[in-house]
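Here's the structure we're looking at; comments come further down.
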Amino acid sequence: MKISAPAKVNLFFEVHRRRADGYHEIESLVSAVTLFDTLEAERRNDGEVRLTVKIPEEAPFPKLFASTPIPTGETNLVCRAAKRLAEAVSPEKFCGADIILWKRIPSEAGLGGGSSDAAATLVLLNALAELGLSRERLRELGQKLGCDVPLFLTDSPVVCTSLGESLETVPGAASLPKLSLVLIKPSAGLSTPQVYRNSTPREKASEPIKMNLSHLLAYWKKGDLSGIAGQLFNRLEAPAKTLLPEIGEIRQACMSLDDPCVGFSMTGSGSACFGLCRDERHAQHVAECLKKRSTWTVFPVETLSIIQKEILP
């Protein structure tokens with residue numbers, strides 16, 4: 001069996017405050033996009049899970065994996081998700097699996113690749129072992145692996161609040177028009193904890209904030225690209241830019257083309273950014289222009305109204 005695991009972008013990301021336990025409360029609008037890892041699994045009968053990671057030749061970001069091998073042991077979220085699933089059922093029910101992870105989504109990019117892989121693993125092994133666990137139960141298991149995992153077990157787009165674990169699917173999500181985006185990934189990644197440590201939460205910010213998640217959604221429902229562009233926001237972009245000035249260069253490049261992006265933002269804690277484009281053709285044009293004038297890895301994508309978790313034989 002096999003399954004696709006999509007990347008995500010944060011169209012809106014506000015950090016409201018830092019709690020006493022060190023974690024931050026956020027408000028974010030997250031959409032899956034058409035950049036996928038793929039997981040294949042073959043049933044075992046000894047309860048063991050063995051992971052192999054491969055980089056497909058057509059992967060849009062192959063050079064980003066060259067210098068940093070992807071772990072295949074317990075530090076990989078695929079293995080951790082499989083272990084969590086095995087612990088949730090009786091030993092005789094969990095058959096084990098040989099898993100191949102075809103990796104296309106880069107790490108330290110804010111694209112949620114590891115979390116998406118973990119969510120896909122839960123769905124895939126639940127089907128492979130015929131465990132019959134509900135999607136809600138899989139979300140509970142995913143929550144124990146990381147705050148981002150459950151959102152990949154929920155329809156897209158989704159509004160995330162609290163620590164990111166409180167999820168609300170956008171009403172009428174399936175009817176939202178697709179957004180054409182260009183993903184831009186510099187060679188360097190960013191550490192999420194470090195970006196947060198350098199951030200100033202909304203409660204301590206002095207500047208007036210004109211961007212609003214509900215306004216963004218209203219413009220999206222109307223297909224108003226100019227309105228959407230004016231509401232794109234990421235509180236973490238400023239601290240990320242101090243750690244990696246290249247992010248500012250990417251913004252400048254996207255907005256200064258002869259036919260520039262309509263809007264721009266960073267996803268998650270970076271380092272990947274995205275430009276909002278008029279349509280698929282415009283996104284392809286922007287991608288080609290950026291490839292010619294930079295060493296960044298660039299890839300056009302579209303938003304997904306529903307995260308596909310279809311199991312294929």
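Ligands are numbered from 1 in the order shown, residues from 1 within each chain, and chains are lettered A, B, ... in the order they appear in the structure tokens.
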Under the rule of at most 12 Å, produce a per-residue listing of stretch 133-195 of chain A near stretch 76-89 of chain A: chain, number, name, the closest pair of atoms, and the distance in Å, as JSON lines, using only C-alpha atoms.
```
{"residue": "A:Leu133", "atom": "CA", "partner": "A:Val89", "partner_atom": "CA", "distance": 9.3}
{"residue": "A:Arg137", "atom": "CA", "partner": "A:Ala88", "partner_atom": "CA", "distance": 9.6}
{"residue": "A:Leu138", "atom": "CA", "partner": "A:Leu85", "partner_atom": "CA", "distance": 8.3}
{"residue": "A:Arg139", "atom": "CA", "partner": "A:Leu85", "partner_atom": "CA", "distance": 11.1}
{"residue": "A:Glu140", "atom": "CA", "partner": "A:Arg84", "partner_atom": "CA", "distance": 10.5}
{"residue": "A:Leu141", "atom": "CA", "partner": "A:Arg84", "partner_atom": "CA", "distance": 6.8}
{"residue": "A:Gly142", "atom": "CA", "partner": "A:Ala81", "partner_atom": "CA", "distance": 7.4}
{"residue": "A:Gln143", "atom": "CA", "partner": "A:Ala81", "partner_atom": "CA", "distance": 10.4}
{"residue": "A:Lys144", "atom": "CA", "partner": "A:Arg84", "partner_atom": "CA", "distance": 8.4}
{"residue": "A:Leu145", "atom": "CA", "partner": "A:Ala81", "partner_atom": "CA", "distance": 7.0}
{"residue": "A:Gly146", "atom": "CA", "partner": "A:Leu77", "partner_atom": "CA", "distance": 9.3}
{"residue": "A:Asp148", "atom": "CA", "partner": "A:Leu77", "partner_atom": "CA", "distance": 11.7}
{"residue": "A:Val149", "atom": "CA", "partner": "A:Ala81", "partner_atom": "CA", "distance": 9.8}
{"residue": "A:Pro150", "atom": "CA", "partner": "A:Ala81", "partner_atom": "CA", "distance": 11.9}
```
Keeping only C-alpha atoms, write the selected residues as a PDB file, in the first residue's frame.
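Saved to again-v3.pdb:
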```pdb
ATOM      1  CA  LEU A 133      -8.876   2.891  14.465  1.00  0.00           C
ATOM      2  CA  ARG A 137      -8.168   8.190  17.533  1.00  0.00           C
ATOM      3  CA  LEU A 138      -5.373   8.672  14.990  1.00  0.00           C
ATOM      4  CA  ARG A 139      -5.455  12.419  15.696  1.00  0.00           C
ATOM      5  CA  GLU A 140      -5.069  11.679  19.413  1.00  0.00           C
ATOM      6  CA  LEU A 141      -2.007   9.536  18.689  1.00  0.00           C
ATOM      7  CA  GLY A 142      -0.654  12.193  16.346  1.00  0.00           C
ATOM      8  CA  GLN A 143      -0.977  14.878  19.014  1.00  0.00           C
ATOM      9  CA  LYS A 144       1.497  12.958  21.152  1.00  0.00           C
ATOM     10  CA  LEU A 145       4.023  13.120  18.321  1.00  0.00           C
ATOM     11  CA  GLY A 146       3.801  16.869  17.718  1.00  0.00           C
ATOM     12  CA  ASP A 148       1.419  19.826  13.695  1.00  0.00           C
ATOM     13  CA  VAL A 149       0.640  16.129  13.145  1.00  0.00           C
ATOM     14  CA  PRO A 150      -3.161  16.266  13.736  1.00  0.00           C
TER      15      PRO A 150
END
```
inquiry  = I want to know what sits within 7 Å of stretch 169-176 of chain A, based on only C-alpha atoms, with residues of the same chain fewer than 5 positions away left out; could you give that as a list in words?
reply    =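 My reading of the contact set: Asp155, Ser156, Pro157, Val158, Val159, Trp220, Lys221, Ser305 and Ile306 of chain A.
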Give one line per residue of stretch 78-159 of chain A that approaches stretch 230-240 of chain A to at most 12 Å, naming the two atoms of the closest pair and their distance in Å to one decimal, counting only C-alpha atoms; sort by chain then ascending residue number and deliver it as CSV.
```
residue,atom,partner,partner_atom,distance
A:Glu108,CA,A:Ala240,CA,11.8
A:Ala109,CA,A:Ala240,CA,11.2
A:Gly110,CA,A:Leu236,CA,10.7
```
Selection from above, all heavy atoms, as an mmCIF file, in the first residue's frame, can you write it?
```cif
data_model
loop_
_atom_site.group_PDB
_atom_site.id
_atom_site.type_symbol
_atom_site.label_atom_id
_atom_site.label_comp_id
_atom_site.auth_asym_id
_atom_site.auth_seq_id
_atom_site.Cartn_x
_atom_site.Cartn_y
_atom_site.Cartn_z
ATOM 1 N N GLU A 108 13.505 21.691 8.098
ATOM 2 C CA GLU A 108 13.866 23.039 8.554
ATOM 3 C C GLU A 108 13.404 24.094 7.558
ATOM 4 O O GLU A 108 14.088 25.050 7.248
ATOM 5 C CB GLU A 108 15.382 23.152 8.790
ATOM 6 C CG GLU A 108 15.876 22.281 9.931
ATOM 7 C CD GLU A 108 17.330 22.535 10.255
ATOM 8 O OE1 GLU A 108 18.127 22.844 9.340
ATOM 9 O OE2 GLU A 108 17.682 22.440 11.445
ATOM 10 N N ALA A 109 12.191 23.898 7.047
ATOM 11 C CA ALA A 109 11.660 24.783 6.015
ATOM 12 C C ALA A 109 10.319 25.390 6.387
ATOM 13 O O ALA A 109 9.843 26.295 5.723
ATOM 14 C CB ALA A 109 11.517 24.017 4.697
ATOM 15 N N GLY A 110 9.658 24.876 7.449
ATOM 16 C CA GLY A 110 8.323 25.350 7.791
ATOM 17 C C GLY A 110 7.240 24.761 6.922
ATOM 18 O O GLY A 110 6.117 25.267 6.894
#
```
inquiry  = Using DSSP assignments from the backbone, pull out every residue in stretch 127-290 of chain A that falls under strand (DSSP E) and give it to me as a ChimeraX atom specification.
reply    = /A:158-162,166-169,180-185,233-234,263-266,273-277
ask   = Pick from A:Ala7, A:Cys277, A:Cys95, A:Val49: nearest to A:Glu130, with only C-alpha atoms counted?
value =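 Closest candidate: A:Cys95.
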ask   = Taking the backbone alone, and naming residues the way the document does, which bits of stretch 95-268 of chain A are helix (DSSP H, G or I) by DSSP, as an NGL selection string?
value = :A and (113-128 or 135-143 or 150-153 or 173-175 or 192-197 or 202-204 or 213-222 or 225-231 or 237-243 or 246-255)
